[in-house]
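Q: Got a structure for you, questions after.
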Amino acid sequence: MPEAVQIRRFVPDDAGAVIALWQACGLTRPWNDPQRDIARKLAQQAEGFLVAVQDARIVGSVMAGYDGHRGWVNYLAADPALRHQGLGRQLMAAAEAYVASLGAPKMNLQLREDNTGAALFYERLGYRRDAVLSYGKRLVLDGAAPPPAPLAQTLVLASRNQKKLAELQALLAPRGYALRLVSEFSDEDVEETGESFIENALLKARHAARVSGLPALADDSGLEVAALGGAPGVRSARYAAERASDAANNEKLLHALAGLPEAQRSARFVSVLVLLRHAQDPVPLIAQGFWPGRILEAAQGANGFGYDPLFYVPELARSAAELPAELKNRVSHRARAMHSLLRQLPA
Ligand SMILES: O=c1[nH]c(=O)c2ncn([C@@H]3O[C@H](COP(=O)(O)OP(=O)(O)OP(=O)(O)O)[C@@H](O)[C@H]3O)c2[nH]1
Ligand SMILES: [Mg+2]
């Protein structure tokens with residue numbers, strides 16, 4: 001006899017099974033990349049992404065969220081082998097409870113006009129067809145080939161941090177850009193004298209564009225801890241000392257927060273990206289990305305770099321150093337800044 005269905009939050013390891021389920025239920029469409037849809041949900045109200053599990057198998061899913069006016073539900077899927085057993089109803093009840101807990105006064109959903117089976121299902125749950133037309137406009141063409149790059153395909157990266165290089169390269173490769181490190185062109189160290197991430201990123205990018213003759217990308221990033229008034233902030237790399245090791249910085253941070261309860265350990269990573277077309281570019285492209293979390297009491301995980309082992313990501317219930325590189329690169333401050341930067345590039 002199969003065990004009872006459990007509904008729980010989606011975790012990244014569920015992705016393969018969930019996508020297979022969506023395919024079995026006919027929910028995938030060429031213009032919606034399911035991996036990207038999952039990544040987007042993990043970045044927004046991730047706790048509204050639920051799965052149904054039976055005998056350690058994913059048999060259902062639902063994505064719910066609240067936009068400040070209405071609750072919305074997407075990707076409701078129930079294993080076709082378990083039809084008519086109340087699984088869809090159970091998932092919808094969980095989705096409704098979630099958006100109601102956020103204060104949403106009404107749940108909305110969209111159905112394709114020819115999906116009469118689903119229409120009957122929702123009517124049985126008390127949903128009524130609204131006298132409205134649904135309009136949409138695509139802002140990102142997920143399924144389409146990437147637009148041609150407007151810049152030279154090779155950019156110089158104004159950084160000496162190999163971990164940043166790896167993350168930024170992975171983010172830019174799908175758009176056809178390659179990165180070369182500034183150290184190929186100059187050994188000179190740029191002093192990061194700015195008070196803001198933007199100022200420091202500009203200093204680094206100007207220098208790299210000048211010594212290489214290439215368009216330049218710089219990332220200035222860091223960790224802001226609320227209880228420390230935003231420190232270490234722009235000084236994150238040199239918090240414990242000039243050229244401090246990650247371990248020394250982490251140790252100093254733990255010490256500074258010693259004894260503080262969880263509720264007072266909130267923090268965020270910040271990444272500012274600057275892109276200059278040339279060394280004198282008067283109109284730099286600038287993008288900022290933020291990643292909220294909190295500081296753990298002890299290091300967890302071995303991936304990533306810097307403060308990753310101390311940075312806990314509540315939506316994923318893991319430290320940043322426990323995330324596979326590919327997942328960190330979908331949800332991090334750097335990924336968010338890069339998506340914003342890419343949106344500013346002319347198509
Ligand atoms: O755990 C982390 N995960 C991250 O994803 C991350 N991003 C930034 N940081 C911290 O902030 C400093 C940046 O300082 P920063 O922008 O000056 O970079 P950097 O000095 O390492 O290299 P460069 O690019 O300046 O050459 C870094 O060293 C780290 O301590 C991170 N820590
Ligand atoms: Mg630096």
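Naming works like this for the structure tokens: A, B, ... for the chains as they're shown, residue 1 at the start of each chain, ligands 1 onward in shown order.
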Find the residues near ligand 2. Use a cut-off of 8 Å, count only C-alpha atoms and all ligand atoms, and write them as a PyMOL selection string.
A: chain A and resi 159-161+192+220+237
Q: Hey, which residues sit close to ligand 1? Say within 8 Å, counting only C-alpha atoms and all ligand atoms, and write them as a ChimeraX atom specification.
A: /A:158-161,164,192,197,200-201,204,218-223,233-238,246,249,269-271,304-311,320-321,332-334
Q: Given only C-alpha atoms as the basis, pick out the residue of A:Ala317, A:Ala325, A:Ala209, A:Phe290 nearest to Ala337 of chain A.
A: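 Answer, going by the shortest atom-to-atom distance: A:Phe290.
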Q: I need the residues of segment 135-332 of chain A that end up classed as strand (DSSP E or B) by DSSP on the backbone, written out as an mmCIF file with N, CA, C and O atoms, in the first residue's frame.
A:
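Result file part.cif:
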```cif
data_model
loop_
_atom_site.group_PDB
_atom_site.id
_atom_site.type_symbol
_atom_site.label_atom_id
_atom_site.label_comp_id
_atom_site.auth_asym_id
_atom_site.auth_seq_id
_atom_site.Cartn_x
_atom_site.Cartn_y
_atom_site.Cartn_z
ATOM 1 N N THR A 154 35.161 39.947 -26.688
ATOM 2 C CA THR A 154 36.102 39.725 -25.598
ATOM 3 C C THR A 154 36.150 40.954 -24.700
ATOM 4 O O THR A 154 36.343 42.071 -25.172
ATOM 5 N N LEU A 155 35.948 40.724 -23.423
ATOM 6 C CA LEU A 155 36.019 41.800 -22.431
ATOM 7 C C LEU A 155 37.185 41.505 -21.510
ATOM 8 O O LEU A 155 37.536 40.342 -21.283
ATOM 9 N N VAL A 156 37.753 42.574 -20.949
ATOM 10 C CA VAL A 156 38.762 42.338 -19.916
ATOM 11 C C VAL A 156 38.042 42.399 -18.571
ATOM 12 O O VAL A 156 37.192 43.255 -18.350
ATOM 13 N N LEU A 157 38.363 41.442 -17.700
ATOM 14 C CA LEU A 157 37.772 41.455 -16.364
ATOM 15 C C LEU A 157 38.745 42.134 -15.411
ATOM 16 O O LEU A 157 39.871 41.669 -15.215
ATOM 17 N N ALA A 178 33.576 36.360 -23.987
ATOM 18 C CA ALA A 178 34.695 35.706 -23.300
ATOM 19 C C ALA A 178 35.392 36.758 -22.443
ATOM 20 O O ALA A 178 35.373 37.947 -22.774
ATOM 21 N N LEU A 179 35.978 36.304 -21.327
ATOM 22 C CA LEU A 179 36.676 37.234 -20.429
ATOM 23 C C LEU A 179 38.169 36.940 -20.434
ATOM 24 O O LEU A 179 38.576 35.778 -20.427
ATOM 25 N N ARG A 180 38.951 38.016 -20.428
ATOM 26 C CA ARG A 180 40.399 37.856 -20.201
ATOM 27 C C ARG A 180 40.730 38.620 -18.932
ATOM 28 O O ARG A 180 40.169 39.678 -18.679
ATOM 29 N N LEU A 181 41.670 38.099 -18.165
ATOM 30 C CA LEU A 181 41.994 38.755 -16.894
ATOM 31 C C LEU A 181 42.919 39.947 -17.104
ATOM 32 O O LEU A 181 43.826 39.903 -17.941
ATOM 33 N N ALA A 216 35.789 46.876 -20.668
ATOM 34 C CA ALA A 216 36.153 46.292 -19.366
ATOM 35 C C ALA A 216 34.941 46.091 -18.475
ATOM 36 O O ALA A 216 34.037 46.930 -18.415
ATOM 37 N N LEU A 217 34.972 44.957 -17.782
ATOM 38 C CA LEU A 217 33.946 44.640 -16.790
ATOM 39 C C LEU A 217 34.621 44.588 -15.421
ATOM 40 O O LEU A 217 35.695 43.986 -15.290
ATOM 41 N N ALA A 218 34.013 45.239 -14.423
ATOM 42 C CA ALA A 218 34.527 45.111 -13.053
ATOM 43 C C ALA A 218 33.387 44.738 -12.128
ATOM 44 O O ALA A 218 32.230 45.103 -12.372
ATOM 45 N N ASP A 219 33.743 43.976 -11.093
ATOM 46 C CA ASP A 219 32.788 43.648 -10.026
ATOM 47 C C ASP A 219 33.398 44.169 -8.739
ATOM 48 O O ASP A 219 34.535 43.830 -8.424
ATOM 49 N N ASP A 220 32.675 45.021 -8.036
ATOM 50 C CA ASP A 220 33.084 45.303 -6.663
ATOM 51 C C ASP A 220 31.967 44.802 -5.781
ATOM 52 O O ASP A 220 30.790 45.085 -6.019
ATOM 53 N N SER A 221 32.343 44.007 -4.803
ATOM 54 C CA SER A 221 31.308 43.309 -4.058
ATOM 55 C C SER A 221 31.703 43.215 -2.599
ATOM 56 O O SER A 221 32.824 43.537 -2.219
ATOM 57 N N GLY A 222 30.759 42.777 -1.801
ATOM 58 C CA GLY A 222 31.066 42.627 -0.387
ATOM 59 C C GLY A 222 29.857 42.223 0.404
ATOM 60 O O GLY A 222 28.768 42.031 -0.139
ATOM 61 N N LEU A 223 30.097 42.103 1.694
ATOM 62 C CA LEU A 223 29.076 41.634 2.616
ATOM 63 C C LEU A 223 28.705 42.785 3.543
ATOM 64 O O LEU A 223 29.594 43.416 4.133
ATOM 65 N N GLU A 224 27.405 43.055 3.673
ATOM 66 C CA GLU A 224 26.953 44.082 4.615
ATOM 67 C C GLU A 224 26.202 43.391 5.753
ATOM 68 O O GLU A 224 25.231 42.676 5.504
ATOM 69 N N VAL A 225 26.655 43.622 6.977
ATOM 70 C CA VAL A 225 26.029 42.983 8.132
ATOM 71 C C VAL A 225 25.292 44.067 8.921
ATOM 72 O O VAL A 225 25.897 45.066 9.340
ATOM 73 N N PRO A 232 31.392 44.404 6.894
ATOM 74 C CA PRO A 232 32.618 45.001 6.343
ATOM 75 C C PRO A 232 32.407 45.782 5.040
ATOM 76 O O PRO A 232 33.281 46.541 4.653
ATOM 77 N N SER A 266 21.274 39.320 10.534
ATOM 78 C CA SER A 266 20.936 39.431 9.113
ATOM 79 C C SER A 266 22.028 40.197 8.361
ATOM 80 O O SER A 266 22.740 41.047 8.924
ATOM 81 N N ALA A 267 22.150 39.841 7.087
ATOM 82 C CA ALA A 267 23.241 40.375 6.262
ATOM 83 C C ALA A 267 22.821 40.281 4.807
ATOM 84 O O ALA A 267 21.825 39.630 4.490
ATOM 85 N N ARG A 268 23.562 40.967 3.948
ATOM 86 C CA ARG A 268 23.331 40.752 2.517
ATOM 87 C C ARG A 268 24.640 40.900 1.767
ATOM 88 O O ARG A 268 25.522 41.668 2.171
ATOM 89 N N PHE A 269 24.741 40.139 0.704
ATOM 90 C CA PHE A 269 25.845 40.326 -0.231
ATOM 91 C C PHE A 269 25.422 41.380 -1.254
ATOM 92 O O PHE A 269 24.250 41.438 -1.653
ATOM 93 N N VAL A 270 26.396 42.176 -1.660
ATOM 94 C CA VAL A 270 26.165 43.199 -2.680
ATOM 95 C C VAL A 270 27.166 42.979 -3.807
ATOM 96 O O VAL A 270 28.342 42.713 -3.538
ATOM 97 N N SER A 271 26.705 43.079 -5.025
ATOM 98 C CA SER A 271 27.636 43.079 -6.162
ATOM 99 C C SER A 271 27.286 44.258 -7.051
ATOM 100 O O SER A 271 26.115 44.454 -7.394
ATOM 101 N N VAL A 272 28.293 45.046 -7.388
ATOM 102 C CA VAL A 272 28.096 46.119 -8.357
ATOM 103 C C VAL A 272 28.967 45.809 -9.567
ATOM 104 O O VAL A 272 30.167 45.584 -9.432
ATOM 105 N N LEU A 273 28.342 45.773 -10.710
ATOM 106 C CA LEU A 273 29.078 45.522 -11.951
ATOM 107 C C LEU A 273 29.127 46.810 -12.752
ATOM 108 O O LEU A 273 28.125 47.533 -12.836
ATOM 109 N N VAL A 274 30.289 47.075 -13.312
ATOM 110 C CA VAL A 274 30.448 48.235 -14.186
ATOM 111 C C VAL A 274 31.004 47.739 -15.514
ATOM 112 O O VAL A 274 31.945 46.944 -15.540
ATOM 113 N N LEU A 275 30.418 48.200 -16.584
ATOM 114 C CA LEU A 275 30.906 47.844 -17.915
ATOM 115 C C LEU A 275 31.242 49.120 -18.674
ATOM 116 O O LEU A 275 30.389 50.003 -18.843
ATOM 117 N N LEU A 276 32.506 49.229 -19.083
ATOM 118 C CA LEU A 276 32.956 50.391 -19.875
ATOM 119 C C LEU A 276 33.248 49.926 -21.289
ATOM 120 O O LEU A 276 33.942 48.925 -21.472
ATOM 121 N N LEU A 285 27.857 51.416 -18.045
ATOM 122 C CA LEU A 285 26.680 50.652 -17.611
ATOM 123 C C LEU A 285 26.951 50.176 -16.193
ATOM 124 O O LEU A 285 28.038 49.659 -15.901
ATOM 125 N N ILE A 286 25.967 50.349 -15.319
ATOM 126 C CA ILE A 286 26.143 49.998 -13.901
ATOM 127 C C ILE A 286 24.956 49.153 -13.459
ATOM 128 O O ILE A 286 23.812 49.476 -13.793
ATOM 129 N N ALA A 287 25.222 48.077 -12.744
ATOM 130 C CA ALA A 287 24.117 47.245 -12.240
ATOM 131 C C ALA A 287 24.463 46.777 -10.836
ATOM 132 O O ALA A 287 25.621 46.494 -10.523
ATOM 133 N N GLN A 288 23.444 46.732 -9.987
ATOM 134 C CA GLN A 288 23.661 46.273 -8.614
ATOM 135 C C GLN A 288 22.809 45.039 -8.354
ATOM 136 O O GLN A 288 21.690 44.943 -8.841
ATOM 137 N N GLY A 289 23.318 44.119 -7.556
ATOM 138 C CA GLY A 289 22.543 42.935 -7.163
ATOM 139 C C GLY A 289 22.722 42.686 -5.675
ATOM 140 O O GLY A 289 23.804 42.910 -5.118
ATOM 141 N N PHE A 290 21.653 42.250 -5.022
ATOM 142 C CA PHE A 290 21.677 42.005 -3.576
ATOM 143 C C PHE A 290 21.222 40.585 -3.300
ATOM 144 O O PHE A 290 20.353 40.059 -4.001
ATOM 145 N N TRP A 291 21.779 39.991 -2.240
ATOM 146 C CA TRP A 291 21.407 38.613 -1.880
ATOM 147 C C TRP A 291 21.241 38.596 -0.355
ATOM 148 O O TRP A 291 22.228 38.629 0.376
ATOM 149 N N PRO A 292 20.008 38.569 0.139
ATOM 150 C CA PRO A 292 19.813 38.614 1.587
ATOM 151 C C PRO A 292 20.026 37.255 2.258
ATOM 152 O O PRO A 292 19.768 36.214 1.652
ATOM 153 N N GLY A 293 20.473 37.301 3.496
ATOM 154 C CA GLY A 293 20.681 36.062 4.255
ATOM 155 C C GLY A 293 21.032 36.406 5.687
ATOM 156 O O GLY A 293 20.696 37.492 6.165
ATOM 157 N N ARG A 294 21.717 35.474 6.362
ATOM 158 C CA ARG A 294 22.196 35.793 7.712
ATOM 159 C C ARG A 294 23.511 35.068 7.989
ATOM 160 O O ARG A 294 23.866 34.121 7.281
ATOM 161 N N ILE A 295 24.186 35.540 9.012
ATOM 162 C CA ILE A 295 25.520 35.009 9.307
ATOM 163 C C ILE A 295 25.397 33.866 10.322
ATOM 164 O O ILE A 295 24.808 34.031 11.395
ATOM 165 N N PHE A 311 27.574 32.411 5.248
ATOM 166 C CA PHE A 311 26.387 33.112 4.749
ATOM 167 C C PHE A 311 25.259 32.107 4.518
ATOM 168 O O PHE A 311 25.319 31.285 3.600
ATOM 169 N N TYR A 312 24.240 32.191 5.357
ATOM 170 C CA TYR A 312 23.123 31.237 5.296
ATOM 171 C C TYR A 312 22.013 31.830 4.441
ATOM 172 O O TYR A 312 21.641 33.000 4.588
ATOM 173 N N VAL A 313 21.507 31.021 3.507
ATOM 174 C CA VAL A 313 20.457 31.470 2.582
ATOM 175 C C VAL A 313 19.151 30.803 3.009
ATOM 176 O O VAL A 313 18.942 29.613 2.754
ATOM 177 N N ARG A 318 20.529 26.443 3.253
ATOM 178 C CA ARG A 318 21.936 26.027 3.209
ATOM 179 C C ARG A 318 22.819 27.272 3.214
ATOM 180 O O ARG A 318 22.347 28.361 2.876
ATOM 181 N N SER A 319 24.088 27.055 3.539
ATOM 182 C CA SER A 319 25.021 28.179 3.409
ATOM 183 C C SER A 319 25.386 28.325 1.934
ATOM 184 O O SER A 319 25.239 27.369 1.156
#
```
Q: If you count only C-alpha atoms, which residues fall within 6 Å of segment 55-68 of chain A, apart from same-chain ones fewer than 4 positions away, as a ChimeraX atom specification?
A: /A:48-51,72-79,95,99
Q: Would you mind exporting the chosen residues as a short mmCIF file (atom, residue, chain, number, x, y, z; two decimals), in the first residue's frame, restricted to all heavy atoms?
A:
```cif
data_model
loop_
_atom_site.label_atom_id
_atom_site.label_comp_id
_atom_site.auth_asym_id
_atom_site.auth_seq_id
_atom_site.Cartn_x
_atom_site.Cartn_y
_atom_site.Cartn_z
N GLY A 48 7.01 29.40 -1.56
CA GLY A 48 5.73 29.11 -2.22
C GLY A 48 5.86 28.05 -3.31
O GLY A 48 4.91 27.80 -4.03
N PHE A 49 7.01 27.45 -3.44
CA PHE A 49 7.22 26.38 -4.43
C PHE A 49 7.15 25.06 -3.66
O PHE A 49 8.03 24.75 -2.84
CB PHE A 49 8.58 26.57 -5.08
CG PHE A 49 8.85 25.70 -6.28
CD1 PHE A 49 7.87 24.87 -6.82
CD2 PHE A 49 10.09 25.70 -6.87
CE1 PHE A 49 8.13 24.07 -7.91
CE2 PHE A 49 10.36 24.91 -7.99
CZ PHE A 49 9.38 24.09 -8.50
N LEU A 50 6.10 24.29 -3.89
CA LEU A 50 5.84 23.09 -3.11
C LEU A 50 5.85 21.86 -4.00
O LEU A 50 5.49 21.93 -5.18
CB LEU A 50 4.46 23.20 -2.43
CG LEU A 50 4.27 24.43 -1.54
CD1 LEU A 50 2.82 24.54 -1.08
CD2 LEU A 50 5.21 24.38 -0.35
N VAL A 51 6.22 20.74 -3.40
CA VAL A 51 6.13 19.47 -4.13
C VAL A 51 5.37 18.47 -3.27
O VAL A 51 5.36 18.56 -2.05
CB VAL A 51 7.51 18.88 -4.49
CG1 VAL A 51 8.21 19.74 -5.53
CG2 VAL A 51 8.38 18.71 -3.26
N TRP A 72 -1.12 34.22 -6.91
CA TRP A 72 -1.09 33.56 -8.22
C TRP A 72 -0.61 32.13 -8.06
O TRP A 72 0.23 31.85 -7.21
CB TRP A 72 -0.15 34.30 -9.18
CG TRP A 72 -0.75 35.57 -9.71
CD1 TRP A 72 -0.59 36.82 -9.18
CD2 TRP A 72 -1.60 35.71 -10.84
NE1 TRP A 72 -1.29 37.73 -9.92
CE2 TRP A 72 -1.93 37.08 -10.96
CE3 TRP A 72 -2.13 34.81 -11.78
CZ2 TRP A 72 -2.74 37.58 -11.96
CZ3 TRP A 72 -2.94 35.32 -12.79
CH2 TRP A 72 -3.24 36.68 -12.87
N VAL A 73 -1.11 31.27 -8.91
CA VAL A 73 -0.65 29.89 -8.86
C VAL A 73 -0.24 29.46 -10.27
O VAL A 73 -0.88 29.83 -11.25
CB VAL A 73 -1.72 28.97 -8.23
CG1 VAL A 73 -2.94 28.86 -9.09
CG2 VAL A 73 -1.17 27.61 -7.92
N ASN A 74 0.88 28.76 -10.34
CA ASN A 74 1.42 28.26 -11.61
C ASN A 74 1.96 26.86 -11.42
O ASN A 74 2.20 26.42 -10.28
CB ASN A 74 2.57 29.16 -12.08
CG ASN A 74 2.06 30.47 -12.65
OD1 ASN A 74 1.45 30.50 -13.71
ND2 ASN A 74 2.30 31.55 -11.92
N TYR A 75 2.18 26.19 -12.52
CA TYR A 75 2.82 24.87 -12.51
C TYR A 75 2.16 23.91 -11.52
O TYR A 75 2.86 23.20 -10.77
CB TYR A 75 4.32 25.00 -12.20
CG TYR A 75 5.16 25.34 -13.41
CD1 TYR A 75 5.95 26.49 -13.42
CD2 TYR A 75 5.15 24.52 -14.55
CE1 TYR A 75 6.71 26.82 -14.53
CE2 TYR A 75 5.92 24.86 -15.66
CZ TYR A 75 6.70 26.01 -15.65
OH TYR A 75 7.46 26.33 -16.74
N LEU A 76 0.83 23.89 -11.49
CA LEU A 76 0.15 22.85 -10.71
C LEU A 76 0.25 21.57 -11.54
O LEU A 76 -0.21 21.52 -12.69
CB LEU A 76 -1.33 23.21 -10.48
CG LEU A 76 -2.09 22.10 -9.74
CD1 LEU A 76 -1.68 22.02 -8.28
CD2 LEU A 76 -3.60 22.29 -9.85
N ALA A 77 0.87 20.56 -10.96
CA ALA A 77 1.05 19.30 -11.69
C ALA A 77 0.78 18.14 -10.76
O ALA A 77 1.19 18.16 -9.59
CB ALA A 77 2.48 19.20 -12.22
N ALA A 78 0.05 17.13 -11.25
CA ALA A 78 -0.17 15.90 -10.48
C ALA A 78 0.17 14.73 -11.38
O ALA A 78 -0.21 14.72 -12.57
CB ALA A 78 -1.62 15.83 -10.01
N ASP A 79 0.89 13.77 -10.85
CA ASP A 79 1.30 12.60 -11.62
C ASP A 79 0.07 11.99 -12.32
O ASP A 79 -0.92 11.65 -11.66
CB ASP A 79 1.89 11.59 -10.64
CG ASP A 79 2.51 10.40 -11.34
OD1 ASP A 79 2.04 10.02 -12.45
OD2 ASP A 79 3.46 9.83 -10.79
N ALA A 95 -1.28 25.67 -1.63
CA ALA A 95 -0.94 26.94 -2.29
C ALA A 95 -1.81 28.07 -1.75
O ALA A 95 -1.33 29.18 -1.48
CB ALA A 95 -1.13 26.80 -3.81
N VAL A 99 -0.54 31.58 0.15
CA VAL A 99 -0.76 32.98 -0.24
C VAL A 99 -1.65 33.69 0.78
O VAL A 99 -1.49 34.89 1.02
CB VAL A 99 -1.29 33.17 -1.70
CG1 VAL A 99 -0.36 32.54 -2.70
CG2 VAL A 99 -2.68 32.69 -1.86
#
```
Q: For Thr28 of chain A, please output as a list of chain:residue names all residues within 12 Å (counting only C-alpha atoms; exclusion window: fewer than 4 positions along the same chain).
A: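 Once the adjacent positions are removed, what remains is A:Val18, A:Ile19, A:Ala20, A:Leu21, A:Trp22, A:Gln23, A:Ala24, A:Asn32, A:Asp33, A:Pro34, A:Gln35, A:Arg36, A:Asp37, A:Asn74, A:Tyr75, A:Leu76, A:Ala77, A:Gly143.
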Q: Selected residues, all heavy atoms, written as a compact mmCIF listing (two decimals), in the first residue's frame, please.
A:
```txt
# COMPACT_ATOMS: atom_id res chain seq x y z
N VAL A 18 11.00 17.16 -10.95
CA VAL A 18 9.89 18.10 -11.15
C VAL A 18 9.74 18.42 -12.64
O VAL A 18 8.63 18.43 -13.18
CB VAL A 18 10.11 19.38 -10.31
CG1 VAL A 18 9.20 20.50 -10.76
CG2 VAL A 18 9.88 19.06 -8.84
N ILE A 19 10.86 18.62 -13.32
CA ILE A 19 10.78 18.94 -14.75
C ILE A 19 10.21 17.74 -15.52
O ILE A 19 9.37 17.89 -16.41
CB ILE A 19 12.16 19.38 -15.30
CG1 ILE A 19 12.52 20.74 -14.68
CG2 ILE A 19 12.14 19.49 -16.83
CD1 ILE A 19 13.94 21.20 -14.95
N ALA A 20 10.62 16.54 -15.14
CA ALA A 20 10.08 15.33 -15.80
C ALA A 20 8.56 15.26 -15.58
O ALA A 20 7.80 14.91 -16.50
CB ALA A 20 10.77 14.09 -15.25
N LEU A 21 8.13 15.61 -14.38
CA LEU A 21 6.68 15.59 -14.09
C LEU A 21 5.94 16.62 -14.95
O LEU A 21 4.89 16.33 -15.52
CB LEU A 21 6.48 15.89 -12.59
CG LEU A 21 5.03 16.02 -12.13
CD1 LEU A 21 4.33 14.67 -12.15
CD2 LEU A 21 4.96 16.63 -10.72
N TRP A 22 6.52 17.83 -15.04
CA TRP A 22 5.88 18.87 -15.87
C TRP A 22 5.76 18.40 -17.32
O TRP A 22 4.76 18.64 -17.98
CB TRP A 22 6.68 20.17 -15.83
CG TRP A 22 6.65 20.86 -14.49
CD1 TRP A 22 5.85 20.56 -13.42
CD2 TRP A 22 7.46 21.97 -14.07
NE1 TRP A 22 6.11 21.39 -12.37
CE2 TRP A 22 7.09 22.28 -12.74
CE3 TRP A 22 8.45 22.73 -14.69
CZ2 TRP A 22 7.69 23.32 -12.03
CZ3 TRP A 22 9.04 23.76 -13.98
CH2 TRP A 22 8.67 24.05 -12.66
N GLN A 23 6.83 17.71 -17.78
CA GLN A 23 6.78 17.21 -19.17
C GLN A 23 5.68 16.17 -19.31
O GLN A 23 4.89 16.19 -20.24
CB GLN A 23 8.14 16.66 -19.59
CG GLN A 23 9.10 17.81 -19.93
CD GLN A 23 10.56 17.43 -19.91
OE1 GLN A 23 10.92 16.35 -19.42
NE2 GLN A 23 11.41 18.30 -20.44
N ALA A 24 5.59 15.27 -18.31
CA ALA A 24 4.56 14.22 -18.36
C ALA A 24 3.16 14.82 -18.33
O ALA A 24 2.22 14.25 -18.88
CB ALA A 24 4.75 13.25 -17.19
N ASN A 32 9.14 28.61 -22.54
CA ASN A 32 9.41 28.64 -21.10
C ASN A 32 10.48 27.60 -20.78
O ASN A 32 10.22 26.41 -20.88
CB ASN A 32 8.15 28.28 -20.29
CG ASN A 32 7.15 29.40 -20.27
OD1 ASN A 32 7.51 30.55 -20.45
ND2 ASN A 32 5.91 29.06 -20.05
N ASP A 33 11.64 28.06 -20.41
CA ASP A 33 12.71 27.13 -20.03
C ASP A 33 12.45 26.72 -18.58
O ASP A 33 12.51 27.56 -17.68
CB ASP A 33 14.05 27.88 -20.18
CG ASP A 33 15.22 27.08 -19.66
OD1 ASP A 33 15.00 26.07 -18.97
OD2 ASP A 33 16.36 27.48 -19.92
N PRO A 34 12.15 25.44 -18.32
CA PRO A 34 11.77 25.06 -16.95
C PRO A 34 12.88 25.31 -15.92
O PRO A 34 12.60 25.69 -14.78
CB PRO A 34 11.44 23.57 -17.06
CG PRO A 34 11.96 23.10 -18.38
CD PRO A 34 12.08 24.31 -19.25
N GLN A 35 14.14 25.13 -16.34
CA GLN A 35 15.25 25.39 -15.40
C GLN A 35 15.23 26.86 -14.97
O GLN A 35 15.43 27.18 -13.81
CB GLN A 35 16.61 25.14 -16.08
CG GLN A 35 16.83 23.73 -16.55
CD GLN A 35 17.37 22.85 -15.43
OE1 GLN A 35 17.38 23.25 -14.27
NE2 GLN A 35 17.79 21.65 -15.76
N ARG A 36 15.00 27.73 -15.95
CA ARG A 36 14.99 29.16 -15.62
C ARG A 36 13.78 29.51 -14.77
O ARG A 36 13.85 30.35 -13.88
CB ARG A 36 14.94 30.01 -16.89
CG ARG A 36 16.24 30.03 -17.61
CD ARG A 36 16.33 31.35 -18.34
NE ARG A 36 17.16 31.18 -19.51
CZ ARG A 36 17.45 32.15 -20.34
NH1 ARG A 36 16.96 33.34 -20.14
NH2 ARG A 36 18.22 31.94 -21.36
N ASP A 37 12.63 28.86 -15.07
CA ASP A 37 11.45 29.14 -14.26
C ASP A 37 11.69 28.72 -12.82
O ASP A 37 11.26 29.41 -11.88
CB ASP A 37 10.23 28.40 -14.84
CG ASP A 37 9.68 29.13 -16.06
OD1 ASP A 37 10.23 30.18 -16.43
OD2 ASP A 37 8.70 28.65 -16.64
N ASN A 74 0.88 28.76 -10.34
CA ASN A 74 1.42 28.26 -11.61
C ASN A 74 1.96 26.86 -11.42
O ASN A 74 2.20 26.42 -10.28
CB ASN A 74 2.57 29.16 -12.08
CG ASN A 74 2.06 30.47 -12.65
OD1 ASN A 74 1.45 30.50 -13.71
ND2 ASN A 74 2.30 31.55 -11.92
N TYR A 75 2.18 26.19 -12.52
CA TYR A 75 2.82 24.87 -12.51
C TYR A 75 2.16 23.91 -11.52
O TYR A 75 2.86 23.20 -10.77
CB TYR A 75 4.32 25.00 -12.20
CG TYR A 75 5.16 25.34 -13.41
CD1 TYR A 75 5.95 26.49 -13.42
CD2 TYR A 75 5.15 24.52 -14.55
CE1 TYR A 75 6.71 26.82 -14.53
CE2 TYR A 75 5.92 24.86 -15.66
CZ TYR A 75 6.70 26.01 -15.65
OH TYR A 75 7.46 26.33 -16.74
N LEU A 76 0.83 23.89 -11.49
CA LEU A 76 0.15 22.85 -10.71
C LEU A 76 0.25 21.57 -11.54
O LEU A 76 -0.21 21.52 -12.69
CB LEU A 76 -1.33 23.21 -10.48
CG LEU A 76 -2.09 22.10 -9.74
CD1 LEU A 76 -1.68 22.02 -8.28
CD2 LEU A 76 -3.60 22.29 -9.85
N ALA A 77 0.87 20.56 -10.96
CA ALA A 77 1.05 19.30 -11.69
C ALA A 77 0.78 18.14 -10.76
O ALA A 77 1.19 18.16 -9.59
CB ALA A 77 2.48 19.20 -12.22
N GLY A 143 13.34 31.11 -24.75
CA GLY A 143 13.53 30.01 -25.69
C GLY A 143 14.33 30.42 -26.92
O GLY A 143 14.84 29.58 -27.63
```
Q: Which neighbours of segment 113-122 of chain A fall inside 12 Å, counting only C-alpha atoms, when residues of the same chain fewer than 2 positions from it are skipped, and could you give them as a list of chain:residue names?
A: A:Cys25, A:Gly26, A:Leu27, A:Val73, A:Leu76, A:Ala77, A:Ala78, A:Arg83, A:His84, A:Gly86, A:Leu87, A:Gly88, A:Arg89, A:Met92, A:Ala93, A:Met107, A:Asn108, A:Leu109, A:Gln110, A:Leu111, A:Arg124, A:Leu125, A:Gly126, A:Tyr127, A:Arg128, A:Arg129, A:Leu133, A:Ser134
Q: Do you have the atom CA of Val182 of chain A-atom CA of Leu341 of chain A distance handy?
A: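 Separating atom CA of Val182 of chain A from atom CA of Leu341 of chain A is a distance of 20.2 Å.
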